[in-house]
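Next comes input25.cif, with mmCIF, C-alpha atoms.
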data_entry
loop_
_atom_site.group_PDB
_atom_site.id
_atom_site.type_symbol
_atom_site.label_atom_id
_atom_site.label_comp_id
_atom_site.auth_asym_id
_atom_site.auth_seq_id
_atom_site.Cartn_x
_atom_site.Cartn_y
_atom_site.Cartn_z
ATOM 1 C CA ALA B 245 129.329 15.935 98.387
ATOM 2 C CA GLN B 246 130.840 18.979 96.666
ATOM 3 C CA PHE B 247 134.444 19.464 97.697
ATOM 4 C CA GLY B 248 135.363 22.962 98.764
ATOM 5 C CA ALA B 249 131.898 24.193 99.755
ATOM 6 C CA ASP B 250 132.305 26.450 102.770
ATOM 7 C CA HIS B 251 128.915 25.625 104.246
ATOM 8 C CA GLU B 252 129.626 21.900 104.121
ATOM 9 C CA ARG B 253 132.953 22.417 105.878
ATOM 10 C CA LEU B 254 131.268 24.366 108.658
ATOM 11 C CA GLU B 255 128.555 21.746 109.130
ATOM 12 C CA TYR B 256 131.251 19.062 109.153
ATOM 13 C CA ALA B 257 133.215 21.042 111.734
ATOM 14 C CA HIS B 258 130.178 21.383 113.938
ATOM 15 C CA ARG B 259 129.351 17.677 113.798
ATOM 16 C CA SER B 260 132.941 16.735 114.603
ATOM 17 C CA ALA B 261 133.230 19.225 117.438
ATOM 18 C CA LEU B 262 129.917 18.319 119.009
ATOM 19 C CA GLY B 263 130.864 14.666 118.901
ATOM 20 C CA GLU B 264 134.124 15.428 120.717
ATOM 21 C CA LEU B 265 132.937 18.042 123.218
ATOM 22 C CA GLY B 266 131.730 15.557 125.786
ATOM 23 C CA ARG B 267 135.048 13.729 125.623
ATOM 24 C CA ALA B 268 137.089 16.924 125.848
ATOM 25 C CA THR B 269 135.515 17.757 129.195
ATOM 26 C CA ASP B 270 132.763 16.235 131.317
ATOM 27 C CA SER B 271 130.858 19.502 131.278
ATOM 28 C CA GLY B 272 131.528 20.284 127.642
ATOM 29 C CA GLN B 273 127.969 19.934 126.411
ATOM 30 C CA ARG B 274 126.592 21.988 129.275
ATOM 31 C CA HIS B 275 129.159 24.716 128.653
ATOM 32 C CA LEU B 276 128.275 24.763 124.973
ATOM 33 C CA GLN B 277 124.606 25.248 125.758
ATOM 34 C CA GLN B 278 125.321 27.969 128.308
ATOM 35 C CA ALA B 279 127.702 29.859 126.077
ATOM 36 C CA VAL B 280 125.422 29.742 123.063
ATOM 37 C CA GLY B 281 122.458 30.677 125.217
ATOM 38 C CA ARG B 282 124.097 33.757 126.743
ATOM 39 C CA HIS B 283 126.245 34.954 123.880
ATOM 40 C CA VAL B 284 124.051 34.097 120.903
ATOM 41 C CA ALA B 285 126.133 32.039 118.499
ATOM 42 C CA ARG B 286 125.368 33.174 114.965
ATOM 43 C CA GLN B 287 125.885 31.295 111.708
ATOM 44 C CA ASP B 288 125.695 32.546 108.155
ATOM 45 C CA LEU B 289 126.343 29.571 105.933
ATOM 46 C CA GLY B 290 126.092 31.747 102.834
ATOM 47 C CA ASP B 291 129.528 33.188 103.503
ATOM 48 C CA ALA B 292 130.726 30.515 105.905
ATOM 49 C CA ARG B 293 130.992 32.528 109.098
ATOM 50 C CA LEU B 294 130.382 31.644 112.705
ATOM 51 C CA HIS B 295 131.157 33.833 115.620
ATOM 52 C CA VAL B 296 129.980 34.257 119.164
ATOM 53 C CA GLY B 297 128.488 37.502 120.365
ATOM 54 C CA ALA B 298 130.530 40.454 121.526
ATOM 55 C CA GLY B 299 133.656 38.364 122.021
ATOM 56 C CA GLU B 300 133.993 37.830 118.246
ATOM 57 C CA GLN B 301 135.471 34.379 118.845
ATOM 58 C CA VAL B 302 136.038 32.740 115.474
ATOM 59 C CA LEU B 303 135.054 29.102 115.253
ATOM 60 C CA GLY B 304 135.980 26.856 112.369
ATOM 61 C CA LEU B 305 138.081 29.502 110.620
ATOM 62 C CA GLY B 306 141.705 30.449 110.881
ATOM 63 C CA GLU B 307 143.137 33.936 111.138
ATOM 64 C CA ALA B 308 142.987 34.503 107.388
ATOM 65 C CA GLY B 309 139.426 33.255 107.133
ATOM 66 C CA ALA B 310 138.269 35.432 109.990
ATOM 67 C CA GLU B 311 139.749 38.570 108.482
ATOM 68 C CA ARG B 312 138.384 37.815 105.007
ATOM 69 C CA LEU B 313 134.892 36.731 105.960
ATOM 70 C CA LEU B 314 134.184 38.698 109.111
ATOM 71 C CA GLY B 315 136.344 41.755 108.692
ATOM 72 C CA ILE B 316 137.940 41.277 112.118
ATOM 73 C CA GLY B 317 141.484 40.583 113.165
ATOM 74 C CA VAL B 318 142.480 37.680 115.394
ATOM 75 C CA LEU B 319 145.801 36.150 116.285
ATOM 76 C CA ALA B 320 146.465 32.613 115.090
ATOM 77 C CA GLY B 321 146.431 30.048 117.868
ATOM 78 C CA GLY B 322 144.195 28.356 120.395
ATOM 79 C CA ASP B 323 143.886 30.932 123.167
ATOM 80 C CA ASP B 324 142.765 33.907 121.137
ATOM 81 C CA GLY B 325 139.662 32.528 119.477
ATOM 82 C CA ALA B 326 140.964 31.217 116.131
ATOM 83 C CA VAL B 327 139.785 27.625 115.779
ATOM 84 C CA HIS B 328 140.800 25.696 112.694
ATOM 85 C CA LEU B 329 138.689 22.947 111.234
ATOM 86 C CA GLY B 330 139.534 19.508 112.603
ATOM 87 C CA VAL B 331 139.272 15.972 111.262
ATOM 88 C CA PRO B 332 138.286 12.802 113.176
ATOM 89 C CA MET B 333 141.560 10.926 113.427
ATOM 90 C CA ALA B 334 139.854 7.557 113.827
ATOM 91 C CA GLN B 335 139.142 7.797 110.095
ATOM 92 C CA TYR B 336 142.505 9.203 109.091
ATOM 93 C CA ARG B 337 144.937 6.474 110.043
ATOM 94 C CA PHE B 338 148.612 6.744 109.262
ATOM 95 C CA GLN B 339 149.813 4.678 106.319
ATOM 96 C CA PRO B 340 153.173 3.119 107.365
ATOM 97 C CA ASN B 341 154.020 1.678 103.953
ATOM 98 C CA PRO B 342 156.095 3.674 101.440
ATOM 99 C CA PRO B 343 153.884 5.862 99.218
ATOM 100 C CA ASP B 344 153.107 5.064 95.622
ATOM 101 C CA ASP B 345 154.766 7.001 92.821
ATOM 102 C CA TYR B 346 152.228 9.771 92.227
ATOM 103 C CA PHE B 347 151.085 13.129 93.522
ATOM 104 C CA ALA B 348 147.423 13.923 94.135
ATOM 105 C CA TRP B 349 144.993 16.775 93.715
ATOM 106 C CA LEU B 350 141.438 16.538 95.008
ATOM 107 C CA GLY B 351 138.618 19.051 95.046
ATOM 108 C CA ARG B 352 136.058 20.916 92.991
ATOM 109 C CA PHE B 353 137.231 21.661 89.466
ATOM 110 C CA ALA B 354 137.315 25.452 89.433
ATOM 111 C CA PRO B 355 140.072 27.955 88.600
ATOM 112 C CA ASP B 356 140.416 29.128 92.201
ATOM 113 C CA LYS B 357 141.191 25.559 93.298
ATOM 114 C CA GLY B 358 144.088 25.436 90.854
ATOM 115 C CA PRO B 359 143.917 21.971 89.255
ATOM 116 C CA HIS B 360 145.266 23.449 86.012
ATOM 117 C CA LEU B 361 148.263 24.720 87.961
ATOM 118 C CA ALA B 362 148.750 21.329 89.614
ATOM 119 C CA ILE B 363 148.836 19.803 86.128
ATOM 120 C CA ALA B 364 151.380 22.375 84.970
ATOM 121 C CA ALA B 365 153.596 21.728 87.991
ATOM 122 C CA ALA B 366 153.408 17.949 87.597
ATOM 123 C CA LYS B 367 154.256 18.125 83.897
ATOM 124 C CA GLN B 368 157.206 20.445 84.472
ATOM 125 C CA ALA B 369 158.502 18.278 87.329
ATOM 126 C CA GLY B 370 157.990 15.068 85.357
ATOM 127 C CA VAL B 371 155.833 13.355 88.001
ATOM 128 C CA ARG B 372 152.533 11.510 87.848
ATOM 129 C CA LEU B 373 149.423 13.343 89.036
ATOM 130 C CA ILE B 374 146.056 11.807 89.897
ATOM 131 C CA LEU B 375 143.120 14.235 89.919
ATOM 132 C CA ALA B 376 139.866 13.453 91.717
ATOM 133 C CA GLY B 377 136.760 15.483 92.389
ATOM 134 C CA ILE B 378 133.581 17.070 91.155
ATOM 135 C CA VAL B 379 133.030 18.581 87.721
ATOM 136 C CA GLU B 380 129.942 20.809 87.815
ATOM 137 C CA HIS B 381 128.745 20.118 84.280
ATOM 138 C CA GLY B 382 125.491 21.982 84.957
ATOM 139 C CA ILE B 383 127.390 25.242 85.379
ATOM 140 C CA LYS B 384 128.667 26.529 82.046
ATOM 141 C CA GLU B 385 131.766 28.228 83.438
ATOM 142 C CA SER B 386 132.796 25.068 85.292
ATOM 143 C CA ALA B 387 132.095 22.803 82.328
ATOM 144 C CA ASP B 388 134.035 25.097 79.981
ATOM 145 C CA TYR B 389 136.951 25.290 82.398
ATOM 146 C CA PHE B 390 137.224 21.512 82.677
ATOM 147 C CA ARG B 391 136.865 21.030 78.912
ATOM 148 C CA ASP B 392 139.419 23.703 77.978
ATOM 149 C CA GLN B 393 142.024 23.670 80.768
ATOM 150 C CA ILE B 394 141.885 20.189 82.300
ATOM 151 C CA GLU B 395 140.630 17.580 79.856
ATOM 152 C CA PRO B 396 143.211 18.198 77.084
ATOM 153 C CA PHE B 397 146.020 17.272 79.479
ATOM 154 C CA ILE B 398 144.516 14.035 80.811
ATOM 155 C CA ASP B 399 146.479 11.274 79.122
ATOM 156 C CA GLY B 400 145.664 8.332 81.390
ATOM 157 C CA ASP B 401 149.342 7.973 82.230
ATOM 158 C CA GLN B 402 151.177 10.977 83.650
ATOM 159 C CA ILE B 403 147.970 12.952 84.240
ATOM 160 C CA GLN B 404 144.998 10.847 85.336
ATOM 161 C CA PHE B 405 141.438 11.766 86.273
ATOM 162 C CA VAL B 406 139.492 9.271 88.395
ATOM 163 C CA GLY B 407 136.245 11.214 88.881
ATOM 164 C CA PRO B 408 134.513 11.979 92.183
ATOM 165 C CA ALA B 409 135.927 10.224 95.238
ATOM 166 C CA ASN B 410 133.900 8.835 98.123
ATOM 167 C CA MET B 411 135.456 8.657 101.580
ATOM 168 C CA GLU B 412 137.107 5.285 101.061
ATOM 169 C CA GLN B 413 138.548 6.349 97.709
ATOM 170 C CA LYS B 414 139.714 9.678 99.134
ATOM 171 C CA LEU B 415 141.534 8.004 102.006
ATOM 172 C CA ARG B 416 143.258 5.609 99.637
ATOM 173 C CA LEU B 417 144.182 8.335 97.137
ATOM 174 C CA LEU B 418 145.664 10.712 99.704
ATOM 175 C CA GLY B 419 147.126 8.066 101.991
ATOM 176 C CA HIS B 420 149.203 6.477 99.243
ATOM 177 C CA ALA B 421 150.276 9.650 97.411
ATOM 178 C CA ARG B 422 153.834 10.959 97.600
ATOM 179 C CA GLY B 423 152.382 14.386 98.182
ATOM 180 C CA PHE B 424 149.355 16.601 97.691
ATOM 181 C CA LEU B 425 149.493 19.660 95.422
ATOM 182 C CA ASN B 426 147.362 22.615 96.506
ATOM 183 C CA PRO B 427 147.958 25.591 94.167
ATOM 184 C CA ILE B 428 144.918 27.654 95.182
ATOM 185 C CA THR B 429 144.425 31.097 93.654
ATOM 186 C CA TRP B 430 142.173 32.626 96.325
ATOM 187 C CA GLU B 431 142.268 33.345 100.053
ATOM 188 C CA GLU B 432 140.727 30.043 101.109
ATOM 189 C CA PRO B 433 139.438 30.136 104.724
ATOM 190 C CA GLY B 434 139.186 26.411 105.443
ATOM 191 C CA ALA B 435 141.355 24.132 103.262
ATOM 192 C CA THR B 436 139.944 20.948 104.780
ATOM 193 C CA VAL B 437 141.592 18.719 102.179
ATOM 194 C CA VAL B 438 145.024 20.008 103.238
ATOM 195 C CA ILE B 439 144.330 18.827 106.782
ATOM 196 C CA GLU B 440 142.940 15.517 105.517
ATOM 197 C CA ALA B 441 146.044 14.826 103.434
ATOM 198 C CA MET B 442 148.439 15.619 106.287
ATOM 199 C CA ALA B 443 146.328 13.557 108.697
ATOM 200 C CA LEU B 444 147.092 10.544 106.525
ATOM 201 C CA GLY B 445 150.789 11.405 106.551
ATOM 202 C CA CYS B 446 150.726 12.873 103.044
ATOM 203 C CA PRO B 447 152.835 16.054 102.894
ATOM 204 C CA VAL B 448 151.370 19.067 101.099
ATOM 205 C CA ILE B 449 152.959 21.566 98.748
ATOM 206 C CA GLY B 450 150.598 24.506 98.811
ATOM 207 C CA PHE B 451 150.426 28.100 97.700
ATOM 208 C CA ALA B 452 150.821 30.341 100.747
ATOM 209 C CA ARG B 453 147.387 31.926 100.523
ATOM 210 C CA GLY B 454 144.413 32.142 102.854
ATOM 211 C CA VAL B 455 144.567 29.783 105.804
ATOM 212 C CA VAL B 456 147.179 27.478 104.255
ATOM 213 C CA PRO B 457 150.225 29.084 105.989
ATOM 214 C CA GLU B 458 148.456 28.437 109.301
ATOM 215 C CA LEU B 459 148.169 24.712 108.520
ATOM 216 C CA ILE B 460 151.409 23.663 106.809
ATOM 217 C CA LEU B 461 154.667 23.768 108.751
ATOM 218 C CA HIS B 462 157.154 24.677 106.043
ATOM 219 C CA GLY B 463 159.840 22.007 105.783
ATOM 220 C CA GLU B 464 158.119 19.823 108.392
ATOM 221 C CA THR B 465 154.684 18.826 107.065
ATOM 222 C CA GLY B 466 155.128 20.118 103.533
ATOM 223 C CA PHE B 467 156.213 23.251 101.736
ATOM 224 C CA LEU B 468 154.714 26.706 101.306
ATOM 225 C CA VAL B 469 155.297 28.158 97.849
ATOM 226 C CA HIS B 470 154.056 31.152 95.881
ATOM 227 C CA ASN B 471 153.849 30.038 92.268
ATOM 228 C CA VAL B 472 154.123 27.064 89.930
ATOM 229 C CA GLU B 473 157.872 27.515 89.525
ATOM 230 C CA GLU B 474 158.445 27.212 93.281
ATOM 231 C CA MET B 475 156.087 24.232 93.435
ATOM 232 C CA VAL B 476 158.144 22.504 90.729
ATOM 233 C CA GLN B 477 161.329 23.213 92.681
ATOM 234 C CA HIS B 478 159.923 21.640 95.845
ATOM 235 C CA ILE B 479 158.344 18.528 94.318
ATOM 236 C CA PRO B 480 161.695 16.631 94.282
ATOM 237 C CA ARG B 481 162.155 17.537 97.966
ATOM 238 C CA ILE B 482 158.940 15.844 99.109
ATOM 239 C CA GLY B 483 160.934 12.897 100.487
ATOM 240 C CA GLU B 484 162.495 15.222 103.068
ATOM 241 C CA ILE B 485 159.173 15.359 104.928
ATOM 242 C CA ASP B 486 158.618 12.845 107.728
ATOM 243 C CA ARG B 487 155.189 11.347 107.042
ATOM 244 C CA LEU B 488 154.632 10.119 110.620
ATOM 245 C CA ALA B 489 155.522 13.550 112.008
ATOM 246 C CA THR B 490 153.038 15.068 109.554
ATOM 247 C CA HIS B 491 150.282 12.785 110.827
ATOM 248 C CA THR B 492 151.224 13.522 114.436
ATOM 249 C CA HIS B 493 151.082 17.280 113.832
ATOM 250 C CA VAL B 494 147.469 16.996 112.697
ATOM 251 C CA ASP B 495 146.559 14.689 115.567
ATOM 252 C CA ARG B 496 147.866 17.196 118.095
ATOM 253 C CA ASN B 497 146.739 20.430 116.490
ATOM 254 C CA LEU B 498 144.164 19.926 113.728
ATOM 255 C CA SER B 499 142.081 16.952 114.841
ATOM 256 C CA SER B 500 138.423 17.180 115.791
ATOM 257 C CA ARG B 501 139.530 16.492 119.369
ATOM 258 C CA ALA B 502 141.905 19.472 119.317
ATOM 259 C CA MET B 503 139.178 21.602 117.730
ATOM 260 C CA ALA B 504 136.684 20.581 120.404
ATOM 261 C CA GLU B 505 139.127 21.386 123.193
ATOM 262 C CA LYS B 506 139.593 24.874 121.732
ATOM 263 C CA TYR B 507 135.820 25.291 121.469
ATOM 264 C CA VAL B 508 135.465 24.345 125.139
ATOM 265 C CA ALA B 509 138.219 26.757 126.182
ATOM 266 C CA ILE B 510 136.521 29.602 124.326
ATOM 267 C CA TYR B 511 133.105 28.835 125.764
ATOM 268 C CA GLU B 512 134.528 28.595 129.278
ATOM 269 C CA GLN B 513 136.173 31.999 128.815
ATOM 270 C CA LEU B 514 132.856 33.422 127.668
ATOM 271 C CA ILE B 515 131.039 31.940 130.646
ATOM 272 C CA GLU B 516 133.623 33.264 133.096
ATOM 273 C CA GLY B 517 133.242 36.724 131.618
ATOM 274 C CA ARG B 518 129.464 36.874 131.733
#

Go ahead and express the file in the form of structure tokens.
Amino acid sequence: AQFGADHERLEYAHRSALGELGRATDSGQRHLQQAVGRHVARQDLGDARLHVGAGEQVLGLGEAGAERLLGIGVLAGGDDGAVHLGVPMAQYRFQPNPPDDYFAWLGRFAPDKGPHLAIAAAKQAGVRLILAGIVEHGIKESADYFRDQIEPFIDGDQIQFVGPANMEQKLRLLGHARGFLNPITWEEPGATVVIEAMALGCPVIGFARGVVPELILHGETGFLVHNVEEMVQHIPRIGEIDRLATHTHVDRNLSSRAMAEKYVAIYEQLIEGR
């Protein structure tokens, strides 16, 4: 699967939420059908948007994603319609052992995902970095980017590239990393990998763009920074973050169960207002 594809994240969100709806409430599935039937849920996977009728309830996107993709304003939180993507916590188990001595980056190799910036930060901070993900060799711009800005810095020691990662490899990579570096250069609406890392107890140092400030609790589950220099400054502080508390934060707020409960609350509000 291609990391970072908005349409895949939405489909993943829907599968997770639908699987949890029945457990969130006994009438969850019935409410979903009623709400969609009356208020006409609409998807456009081309630009990763999903909203419900006149209520403009935003599902699977945070506040930043809603404003960027739909052109509407919502308040961040569960009661106002902003529903972040959630992960199934049964897969993302906390790793109680001390982490290994490396940082991780995982995603699609593209400038807006910032792997070149993660490399720069790791080199300046003097830490090991393991990169994993998809290189789209069939797309000239992507192939050129990897060849020119990524490959020259891969030395097999401080900077390592392990190729695409399946689910088992992803869980191992993120679960054992000291931290995850996320220096995105665009207003990302989903940032699933940030949630996945924190779900495993791996703190995240991320650029404060797009939805990321809605996901990371600065100083509690990671650090929000604005450039490579600030990322370098915070890398030595990664040990200040409680990994179990990071996992617990996702379980309570960014799990597929939490997402489903927010879906149900929105649908019930829509039904009550019909």

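One distance worth recording is that between atom CA of Ile363 of chain B and atom CA of Leu459 of chain B, which is 22.9 Å.
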
| task | Kindly indicate which residue among B:Ala409, B:Ala354, B:Ile479, B:Ile510 lies nearest to Lys384 of chain B, using only C-alpha atoms for the distances. | result |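 Smallest separation from Lys384 of chain B among the options: B:Ala354.
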
| said: I'd like the neighbourhood of segment 391-405 of chain B as a list in words, where a residue qualifies if any of its atoms comes within 8 Å (using all atoms listed in the file), though same-chain residues fewer than 6 positions away should be ignored. | reply: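 Listing them by chain and then by number gives Pro359, His360, Ile363, Lys367, Val371, Arg372, Leu373, Ile374, Leu375 and Ala376 of chain B.
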
| field | Counting all atoms listed in the file, the residue of B:Thr429, B:Thr465, B:Ser386, B:Gln513 that sits nearest Leu444 of chain B | value |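 Smallest separation from Leu444 of chain B among the options: B:Thr465.
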
| said: Running the PyMOL selection byres ((chain B and resi 336) around 9) on this model by hand, what would come out? Give it as a ChimeraX atom specification. | reply: /B:331-335,337-338,415,419,440-441,443-445,491

| task | For atom CA of Pro433 of chain B and atom CA of His493 of chain B, quote the distance in Å rounded to one decimal. | result | 19.6 Å

| Pick the closest to Ile428 of chain B from B:Ile383, B:Ile378, B:Leu361, B:Ala369: which is it, counting only C-alpha atoms? |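 Closest residue, counting only C-alpha atoms: B:Leu361.
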
Could you add whatever atoms are missing so that segment 395-406 of chain B carries all heavy atoms, then write the result as a short mmCIF file (atom, residue, chain, number, x, y, z; two decimals), in the frame of the given file?
data_model
loop_
_atom_site.label_atom_id
_atom_site.label_comp_id
_atom_site.auth_asym_id
_atom_site.auth_seq_id
_atom_site.Cartn_x
_atom_site.Cartn_y
_atom_site.Cartn_z
N GLU B 395 140.81 18.79 80.67
CA GLU B 395 140.63 17.58 79.86
C GLU B 395 141.72 17.37 78.80
O GLU B 395 142.18 16.23 78.60
CB GLU B 395 139.25 17.61 79.20
CG GLU B 395 138.71 16.25 78.82
CD GLU B 395 137.22 16.31 78.53
OE1 GLU B 395 136.73 17.34 78.03
OE2 GLU B 395 136.55 15.29 78.80
N PRO B 396 142.18 18.43 78.11
CA PRO B 396 143.21 18.20 77.08
C PRO B 396 144.51 17.61 77.61
O PRO B 396 145.30 17.04 76.84
CB PRO B 396 143.44 19.60 76.50
CG PRO B 396 142.18 20.35 76.79
CD PRO B 396 141.72 19.83 78.12
N PHE B 397 144.75 17.74 78.90
CA PHE B 397 146.02 17.27 79.48
C PHE B 397 145.91 15.89 80.14
O PHE B 397 146.92 15.35 80.60
CB PHE B 397 146.53 18.30 80.49
CG PHE B 397 146.74 19.66 79.88
CD1 PHE B 397 145.79 20.66 80.02
CD2 PHE B 397 147.88 19.93 79.14
CE1 PHE B 397 145.97 21.91 79.46
CE2 PHE B 397 148.08 21.18 78.56
CZ PHE B 397 147.12 22.17 78.72
N ILE B 398 144.71 15.35 80.21
CA ILE B 398 144.52 14.04 80.81
C ILE B 398 144.91 12.98 79.78
O ILE B 398 144.26 12.84 78.74
CB ILE B 398 143.06 13.84 81.26
CG1 ILE B 398 142.68 14.88 82.33
CG2 ILE B 398 142.84 12.42 81.78
CD1 ILE B 398 141.21 14.90 82.67
N ASP B 399 145.99 12.26 80.08
CA ASP B 399 146.48 11.27 79.12
C ASP B 399 146.36 9.84 79.63
O ASP B 399 146.75 8.90 78.93
CB ASP B 399 147.93 11.57 78.74
CG ASP B 399 148.86 11.62 79.96
OD1 ASP B 399 148.46 11.12 81.04
OD2 ASP B 399 149.97 12.15 79.83
N GLY B 400 145.82 9.67 80.83
CA GLY B 400 145.66 8.33 81.39
C GLY B 400 146.96 7.73 81.89
O GLY B 400 146.97 6.60 82.38
N ASP B 401 148.04 8.47 81.80
CA ASP B 401 149.34 7.97 82.23
C ASP B 401 149.96 8.95 83.23
O ASP B 401 149.82 8.77 84.44
CB ASP B 401 150.25 7.78 81.02
CG ASP B 401 151.60 7.20 81.40
OD1 ASP B 401 151.71 6.63 82.51
OD2 ASP B 401 152.55 7.34 80.60
N GLN B 402 150.60 10.01 82.72
CA GLN B 402 151.18 10.98 83.65
C GLN B 402 150.10 11.78 84.37
O GLN B 402 150.20 12.02 85.57
CB GLN B 402 152.12 11.93 82.92
CG GLN B 402 152.80 12.91 83.88
CD GLN B 402 153.68 13.94 83.20
OE1 GLN B 402 153.65 14.08 81.98
NE2 GLN B 402 154.46 14.68 83.98
N ILE B 403 149.07 12.18 83.65
CA ILE B 403 147.97 12.95 84.24
C ILE B 403 146.70 12.10 84.15
O ILE B 403 146.22 11.81 83.04
CB ILE B 403 147.76 14.29 83.52
CG1 ILE B 403 149.08 15.07 83.41
CG2 ILE B 403 146.70 15.11 84.25
CD1 ILE B 403 149.71 15.44 84.75
N GLN B 404 146.17 11.71 85.29
CA GLN B 404 145.00 10.85 85.34
C GLN B 404 143.85 11.54 86.07
O GLN B 404 144.07 12.30 87.01
CB GLN B 404 145.32 9.53 86.05
CG GLN B 404 146.43 8.73 85.40
CD GLN B 404 146.73 7.45 86.15
OE1 GLN B 404 145.84 6.81 86.72
NE2 GLN B 404 148.00 7.05 86.15
N PHE B 405 142.64 11.25 85.62
CA PHE B 405 141.44 11.77 86.27
C PHE B 405 140.56 10.57 86.63
O PHE B 405 140.20 9.77 85.78
CB PHE B 405 140.68 12.72 85.35
CG PHE B 405 139.32 13.13 85.86
CD1 PHE B 405 139.18 13.70 87.12
CD2 PHE B 405 138.18 12.95 85.09
CE1 PHE B 405 137.94 14.08 87.60
CE2 PHE B 405 136.94 13.33 85.56
CZ PHE B 405 136.82 13.90 86.81
N VAL B 406 140.23 10.44 87.93
CA VAL B 406 139.49 9.27 88.40
C VAL B 406 138.05 9.60 88.78
O VAL B 406 137.33 8.73 89.27
CB VAL B 406 140.22 8.59 89.57
CG1 VAL B 406 141.58 8.07 89.13
CG2 VAL B 406 140.38 9.55 90.76
#
